[in-house]
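Visitor: Pasting a structure here, questions to come.
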Amino acid sequence: MASPRSALESLGFPGTDSKEFTSSRRFPGGESYRIEIPSTEGPKALRAVIEEAKARKVRVHRVSQGSGMMMLTADEISEMVALGKQENIEVNLFVGPRATFDIGAQVFAAAGRSLGLSLRGADQLAFALADIRRAVDLGIRSVLISDIGLISIVGKLRAKGELPGDLIIKTSVMMAPCNPVSARILEDLGADTINIPSDLTIAQIAAVRQVISAPIDFYIEAPDNLGGFVRTYEISEIIRVAAPVYLKFGLRNSPDIYPTGAHLEATALAMSRERVRRAQIALEILNAAAMS
């Protein structure tokens, strides 16, 4: 066998991490980055995001939800769809079933956390597909998936015309593709936008971008349960190597509220508004760097 680096290069992957790479890829509208507000847990939270974004003059391109669309009523999903169309915001909902909602305990054990939010057994795969079909029938065209098998199935059903051709498959950060090969596998299976871990170096992010065409999703501020990293002053470099990239703003020092509901509504709304504020701060810093 050739040297390990040569072997990778012969298969079309970078043989080394290099921050010298600059991405020339862009979103269809020509942007190098877009703004995503995660954990937008229902129509009230979406309204809060929209109001805050208008007040702060922050253009929000996508919101994503974490509790799972199985935790939303049909009316709530329909309202989010209508708000998204009205404001030209992509509404991305998480597939509901996941290992942490299931009866198995291994996912909570120290050695079992690699299960992440995967689906356990054929029944959960079927439940997840039912969740997606319900949301699609209500007008959703962007779903957040955390299981590699489900990505494959949804990609195949979309190709066969059994799911809408414009359905966006977004991968969860819980899948954590840490290297170019892992990210490429997700894209090959049908992923349209890929969330990579927020602790990757600039050079490691660049290596992933070199082999995928899908937008990268990246937490500029990660919530505590994902490491709590705050990388605001690296945004220009992240955009340079990762474009097109969705800049995501989680919150440090905030509770994990999944699954949320009326009992946590005030907290969920306050967190949604603060995420938009964090985005404003980041954009101010990015614009100041561009002018210096």
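To be explicit about the labels: the chains of the structure tokens are called A, B, and onward in the order shown, and within each one the residues are counted from 1, while ligands get numbers from 1 in the order they are shown.
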As a CSV table (one decimal) with N, CA and C atoms, in the first residue's frame, list the residues of range 205-292 of chain A assigned to helix (DSSP H, G or I) by DSSP on the backbone atoms of this structure.
Guide:
```
chain,number,residue,atom,x,y,z
A,205,ILE,N,-11.7,21.8,9.4
A,205,ILE,CA,-12.9,22.2,8.7
A,205,ILE,C,-12.6,22.3,7.2
A,206,ALA,N,-11.5,22.9,6.8
A,206,ALA,CA,-11.1,23.0,5.4
A,206,ALA,C,-11.0,21.7,4.8
A,207,ALA,N,-10.5,20.7,5.5
A,207,ALA,CA,-10.3,19.3,4.9
A,207,ALA,C,-11.7,18.7,4.6
A,208,VAL,N,-12.7,19.0,5.4
A,208,VAL,CA,-14.1,18.5,5.2
A,208,VAL,C,-14.6,19.2,3.9
A,209,ARG,N,-14.5,20.6,3.9
A,209,ARG,CA,-15.0,21.3,2.8
A,209,ARG,C,-14.5,20.9,1.4
A,224,ASP,N,-23.6,24.2,26.2
A,224,ASP,CA,-22.7,23.5,27.1
A,224,ASP,C,-22.6,22.0,26.9
A,225,ASN,N,-23.8,21.3,26.5
A,225,ASN,CA,-23.7,19.9,26.3
A,225,ASN,C,-23.0,19.5,25.0
A,226,LEU,N,-22.6,20.5,24.2
A,226,LEU,CA,-21.8,20.2,23.0
A,226,LEU,C,-20.4,20.8,23.1
A,232,THR,N,-16.4,33.3,18.2
A,232,THR,CA,-16.9,34.5,17.5
A,232,THR,C,-15.8,35.1,16.7
A,233,TYR,N,-14.6,35.2,17.2
A,233,TYR,CA,-13.5,35.9,16.5
A,233,TYR,C,-12.9,35.1,15.4
A,234,GLU,N,-13.3,33.8,15.3
A,234,GLU,CA,-12.8,33.0,14.2
A,234,GLU,C,-13.8,33.0,13.0
A,235,ILE,N,-14.9,33.7,13.1
A,235,ILE,CA,-15.9,33.6,12.1
A,235,ILE,C,-15.4,33.8,10.7
A,236,SER,N,-14.6,34.9,10.5
A,236,SER,CA,-14.1,35.2,9.1
A,236,SER,C,-13.3,34.0,8.6
A,237,GLU,N,-12.5,33.4,9.4
A,237,GLU,CA,-11.7,32.2,8.9
A,237,GLU,C,-12.6,31.0,8.7
A,238,ILE,N,-13.6,30.8,9.5
A,238,ILE,CA,-14.5,29.7,9.4
A,238,ILE,C,-15.2,29.9,8.0
A,239,ILE,N,-15.7,31.1,7.8
A,239,ILE,CA,-16.4,31.3,6.5
A,239,ILE,C,-15.4,31.1,5.3
A,240,ARG,N,-14.2,31.6,5.5
A,240,ARG,CA,-13.2,31.4,4.4
A,240,ARG,C,-13.0,30.0,3.9
A,241,VAL,N,-12.9,29.1,4.9
A,241,VAL,CA,-12.6,27.7,4.6
A,241,VAL,C,-13.8,26.8,4.4
A,242,ALA,N,-15.0,27.3,5.0
A,242,ALA,CA,-16.2,26.4,5.0
A,242,ALA,C,-17.3,26.8,4.1
A,262,ALA,N,-45.2,24.0,27.3
A,262,ALA,CA,-45.7,25.1,28.0
A,262,ALA,C,-45.1,25.3,29.4
A,263,HIS,N,-44.6,24.2,30.0
A,263,HIS,CA,-44.0,24.3,31.3
A,263,HIS,C,-42.6,25.0,31.2
A,264,LEU,N,-42.0,25.1,30.0
A,264,LEU,CA,-40.7,25.7,29.9
A,264,LEU,C,-40.8,26.8,28.9
A,265,GLU,N,-42.0,27.3,28.6
A,265,GLU,CA,-42.2,28.3,27.5
A,265,GLU,C,-41.4,29.5,27.7
A,266,ALA,N,-41.4,30.1,28.9
A,266,ALA,CA,-40.8,31.4,29.1
A,266,ALA,C,-39.3,31.3,28.9
A,267,THR,N,-38.7,30.1,29.4
A,267,THR,CA,-37.3,29.9,29.2
A,267,THR,C,-36.9,29.7,27.7
A,268,ALA,N,-37.8,28.9,27.0
A,268,ALA,CA,-37.5,28.7,25.6
A,268,ALA,C,-37.6,30.0,24.8
A,269,LEU,N,-38.5,30.9,25.1
A,269,LEU,CA,-38.6,32.1,24.3
A,269,LEU,C,-37.5,33.0,24.6
A,270,ALA,N,-37.1,33.1,25.9
A,270,ALA,CA,-36.0,34.0,26.3
A,270,ALA,C,-34.7,33.5,25.6
A,271,MET,N,-34.5,32.2,25.5
A,271,MET,CA,-33.3,31.6,24.9
A,271,MET,C,-33.3,31.9,23.4
A,272,SER,N,-34.5,31.8,22.8
A,272,SER,CA,-34.6,32.1,21.3
A,272,SER,C,-34.2,33.6,21.0
A,273,ARG,N,-34.7,34.5,21.9
A,273,ARG,CA,-34.3,35.9,21.7
A,273,ARG,C,-32.8,36.1,21.9
A,274,GLU,N,-32.3,35.5,22.9
A,274,GLU,CA,-30.8,35.7,23.2
A,274,GLU,C,-30.0,35.1,22.1
A,275,ARG,N,-30.4,34.1,21.4
A,275,ARG,CA,-29.6,33.5,20.3
A,275,ARG,C,-29.5,34.5,19.2
A,276,VAL,N,-30.6,35.3,18.9
A,276,VAL,CA,-30.6,36.3,17.9
A,276,VAL,C,-29.6,37.4,18.3
A,277,ARG,N,-29.6,37.8,19.6
A,277,ARG,CA,-28.7,38.8,20.1
A,277,ARG,C,-27.2,38.3,19.9
A,278,ARG,N,-27.0,37.1,20.2
A,278,ARG,CA,-25.6,36.5,20.0
A,278,ARG,C,-25.2,36.6,18.5
A,279,ALA,N,-26.2,36.4,17.6
A,279,ALA,CA,-25.9,36.5,16.2
A,279,ALA,C,-25.6,37.9,15.8
A,280,GLN,N,-26.3,38.9,16.4
A,280,GLN,CA,-26.0,40.3,16.1
A,280,GLN,C,-24.6,40.7,16.6
A,281,ILE,N,-24.2,40.2,17.7
A,281,ILE,CA,-22.8,40.5,18.2
A,281,ILE,C,-21.8,39.9,17.3
A,282,ALA,N,-22.0,38.7,16.8
A,282,ALA,CA,-21.1,38.0,15.9
A,282,ALA,C,-21.0,38.8,14.6
A,283,LEU,N,-22.1,39.2,14.1
A,283,LEU,CA,-22.1,39.9,12.8
A,283,LEU,C,-21.4,41.3,12.9
A,284,GLU,N,-21.6,41.9,14.1
A,284,GLU,CA,-20.9,43.2,14.3
A,284,GLU,C,-19.4,43.0,14.3
A,285,ILE,N,-18.9,41.9,15.0
A,285,ILE,CA,-17.5,41.6,15.0
A,285,ILE,C,-17.0,41.2,13.6
A,286,LEU,N,-17.8,40.4,12.9
A,286,LEU,CA,-17.4,40.0,11.5
A,286,LEU,C,-17.3,41.3,10.6
A,287,ASN,N,-18.2,42.2,10.7
A,287,ASN,CA,-18.2,43.4,9.9
A,287,ASN,C,-17.0,44.3,10.2
A,288,ALA,N,-16.7,44.4,11.5
A,288,ALA,CA,-15.6,45.2,12.0
A,288,ALA,C,-14.3,44.6,11.4
A,289,ALA,N,-14.2,43.3,11.4
A,289,ALA,CA,-12.9,42.7,10.9
A,289,ALA,C,-12.8,42.9,9.4
A,290,ALA,N,-13.9,42.9,8.7
A,290,ALA,CA,-13.8,43.1,7.3
A,290,ALA,C,-13.4,44.6,6.9
A,291,MET,N,-13.7,45.5,7.8
A,291,MET,CA,-13.3,46.9,7.6
A,291,MET,C,-11.9,47.3,8.1
```
Visitor: Give me, as an NGL selection string, the residues of range 27-213 of chain A that a backbone DSSP run labels strand (DSSP E or B).
Guide: :A and (33-37 or 62-64 or 90-94 or 142-145 or 168-171 or 193-195)
Visitor: For Ser78 in chain A, which residue among A:Ile153, A:Ile257, A:Ala159, A:Val136 is the nearest when counting only C-alpha atoms?
Guide: A:Val136
Visitor: Got a sec: who's within 12 Å of Ile185 in chain A, counting only C-alpha atoms, leaving out chain neighbours fewer than 2 positions off, as a list of chain:residue names?
Guide: A:Ile148, A:Gly149, A:Ile151, A:Ser152, A:Thr171, A:Met175, A:Pro177, A:Cys178, A:Asn179, A:Pro180, A:Val181, A:Ser182, A:Ala183, A:Glu187, A:Asp188, A:Leu189, A:Gly190, A:Ala191, A:Asp192, A:Ile194, A:Val208, A:Val211, A:Ile212, A:Ala214
Visitor: Rounded to one decimal in Å, what is the spacing between CA of Phe94 in chain A and CA of Ser67 in chain A?
Guide: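 Rounded to one decimal, the two atoms are 6.9 Å apart.
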Visitor: Need the shell around Ile35 in chain A: protein/DNA/RNA residues with any atom at most 8 Å away, counting only C-alpha atoms. Skip same-chain ones fewer than 4 positions apart. Format as a ChimeraX atom specification?
Guide: /A:59-62,246-248,279
Visitor: Need the shell around Glu41 in chain A: protein/DNA/RNA residues with any atom at most 10 Å away, counting only C-alpha atoms. Skip same-chain ones fewer than 6 positions apart. Format as a ChimeraX atom specification?
Guide: /A:63-69,71-72,80,93,257-261,265,268-269,272
Visitor: For those residues, write N, CA and C atoms to a file as a PDB file, in the first residue's frame.
Guide:
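See selection_39.pdb below for the written result:
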```
ATOM      1  N   VAL A  63     -34.304  28.435  10.772  1.00  0.00           N
ATOM      2  CA  VAL A  63     -34.443  28.045  12.171  1.00  0.00           C
ATOM      3  C   VAL A  63     -34.533  26.533  12.218  1.00  0.00           C
ATOM      4  N   SER A  64     -34.008  25.961  13.278  1.00  0.00           N
ATOM      5  CA  SER A  64     -34.118  24.522  13.474  1.00  0.00           C
ATOM      6  C   SER A  64     -34.664  24.254  14.871  1.00  0.00           C
ATOM      7  N   GLN A  65     -35.254  23.091  15.032  1.00  0.00           N
ATOM      8  CA  GLN A  65     -35.935  22.723  16.265  1.00  0.00           C
ATOM      9  C   GLN A  65     -35.284  21.476  16.834  1.00  0.00           C
ATOM     10  N   GLY A  66     -35.274  21.322  18.156  1.00  0.00           N
ATOM     11  CA  GLY A  66     -34.563  20.204  18.755  1.00  0.00           C
ATOM     12  C   GLY A  66     -35.414  19.188  19.482  1.00  0.00           C
ATOM     13  N   SER A  67     -36.598  19.585  19.954  1.00  0.00           N
ATOM     14  CA  SER A  67     -37.404  18.673  20.769  1.00  0.00           C
ATOM     15  C   SER A  67     -37.979  17.517  19.957  1.00  0.00           C
ATOM     16  N   GLY A  68     -38.102  17.719  18.653  1.00  0.00           N
ATOM     17  CA  GLY A  68     -38.697  16.689  17.803  1.00  0.00           C
ATOM     18  C   GLY A  68     -40.081  17.104  17.364  1.00  0.00           C
ATOM     19  N   MET A  69     -40.375  16.885  16.068  1.00  0.00           N
ATOM     20  CA  MET A  69     -41.678  17.318  15.555  1.00  0.00           C
ATOM     21  C   MET A  69     -42.816  16.472  16.106  1.00  0.00           C
ATOM     22  N   MET A  71     -43.369  16.259  19.055  1.00  0.00           N
ATOM     23  CA  MET A  71     -43.802  17.010  20.226  1.00  0.00           C
ATOM     24  C   MET A  71     -44.605  18.260  19.846  1.00  0.00           C
ATOM     25  N   LEU A  72     -44.904  18.420  18.542  1.00  0.00           N
ATOM     26  CA  LEU A  72     -45.681  19.564  18.072  1.00  0.00           C
ATOM     27  C   LEU A  72     -47.029  19.095  17.541  1.00  0.00           C
ATOM     28  N   MET A  80     -45.873  27.135  11.892  1.00  0.00           N
ATOM     29  CA  MET A  80     -44.454  27.360  11.614  1.00  0.00           C
ATOM     30  C   MET A  80     -44.195  27.389  10.116  1.00  0.00           C
ATOM     31  N   LEU A  93     -37.278  20.902  11.136  1.00  0.00           N
ATOM     32  CA  LEU A  93     -37.758  20.218  12.335  1.00  0.00           C
ATOM     33  C   LEU A  93     -37.042  18.886  12.522  1.00  0.00           C
ATOM     34  N   ILE A 257     -33.502  21.975  27.406  1.00  0.00           N
ATOM     35  CA  ILE A 257     -34.954  21.997  27.604  1.00  0.00           C
ATOM     36  C   ILE A 257     -35.681  21.006  26.698  1.00  0.00           C
ATOM     37  N   TYR A 258     -34.971  20.043  26.116  1.00  0.00           N
ATOM     38  CA  TYR A 258     -35.637  19.068  25.247  1.00  0.00           C
ATOM     39  C   TYR A 258     -36.234  17.926  26.069  1.00  0.00           C
ATOM     40  N   PRO A 259     -37.473  17.520  25.793  1.00  0.00           N
ATOM     41  CA  PRO A 259     -38.453  18.199  24.952  1.00  0.00           C
ATOM     42  C   PRO A 259     -39.133  19.324  25.727  1.00  0.00           C
ATOM     43  N   THR A 260     -39.344  20.423  25.051  1.00  0.00           N
ATOM     44  CA  THR A 260     -39.935  21.579  25.701  1.00  0.00           C
ATOM     45  C   THR A 260     -41.453  21.543  25.594  1.00  0.00           C
ATOM     46  N   GLY A 261     -42.092  22.530  26.211  1.00  0.00           N
ATOM     47  CA  GLY A 261     -43.553  22.629  26.207  1.00  0.00           C
ATOM     48  C   GLY A 261     -43.955  23.860  26.989  1.00  0.00           C
ATOM     49  N   GLU A 265     -41.997  27.302  28.585  1.00  0.00           N
ATOM     50  CA  GLU A 265     -42.174  28.263  27.500  1.00  0.00           C
ATOM     51  C   GLU A 265     -41.383  29.550  27.704  1.00  0.00           C
ATOM     52  N   ALA A 268     -37.752  28.936  27.000  1.00  0.00           N
ATOM     53  CA  ALA A 268     -37.511  28.687  25.573  1.00  0.00           C
ATOM     54  C   ALA A 268     -37.558  29.984  24.771  1.00  0.00           C
ATOM     55  N   LEU A 269     -38.522  30.853  25.070  1.00  0.00           N
ATOM     56  CA  LEU A 269     -38.642  32.109  24.330  1.00  0.00           C
ATOM     57  C   LEU A 269     -37.473  33.041  24.638  1.00  0.00           C
ATOM     58  N   SER A 272     -34.474  31.836  22.762  1.00  0.00           N
ATOM     59  CA  SER A 272     -34.558  32.126  21.328  1.00  0.00           C
ATOM     60  C   SER A 272     -34.168  33.574  21.049  1.00  0.00           C
TER      61      SER A 272
END
```
Visitor: If you measure from CA of Val143 in chain A to CA of Asn92 in chain A, what distance in Å do you get, rounded to one decimal?
Guide: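 Spanning CA of Val143 in chain A to CA of Asn92 in chain A is a straight-line distance of 5.2 Å.
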Visitor: Which residue gives the smallest distance to Thr40 in chain A among A:Glu20, A:Glu162, A:Asp199, A:Glu90, with only C-alpha atoms counted?
Guide: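 Among A:Glu20, A:Glu162, A:Asp199, A:Glu90, it is A:Glu90 that comes nearest to Thr40 in chain A.
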Visitor: Neighbouring residues of Ile50 in chain A were defined as those with any atom within 10 Å, considering only C-alpha atoms; residues of the same chain fewer than 2 positions away were excluded. Please report them as a list in words.
Guide: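 Counting only C-alpha atoms, the residues come to Lys44, Ala45, Leu46, Arg47, Ala48, Glu52, Ala53, Lys54, Ala55, Arg56, Val58, Arg59, Val60, Val63, Leu83, Gly84, Glu87, Ile89, Ser272, Arg273 and Val276 of chain A.
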Visitor: Show me, as a list in words, the residues that have an atom within 9 Å of Asp166 in chain A when counting only C-alpha atoms, minus same-chain residues fewer than 3 positions from it.
Guide: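 These residues fall inside the cut-off: Arg141, Ser142, Arg158 and Leu163 of chain A.
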Visitor: Between A:Thr100, A:Gln86, A:Gln210, A:Gln124, which residue has the minimum interatomic distance to Ala243 in chain A, considering only C-alpha atoms?
Guide: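 So, comparing all the options, the nearest one is A:Gln210.
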Visitor: Rounded to one decimal, what separation in Å do you get between CA of Val81 in chain A and CA of Leu138 in chain A?
Guide: 7.9 Å
Visitor: Check the smallest atom-to-atom distance from each of A:Arg184, A:Leu251, A:Lys85, A:Asp147 to Phe13 in chain A using only C-alpha atoms, then report the winner.
Guide: A:Arg184
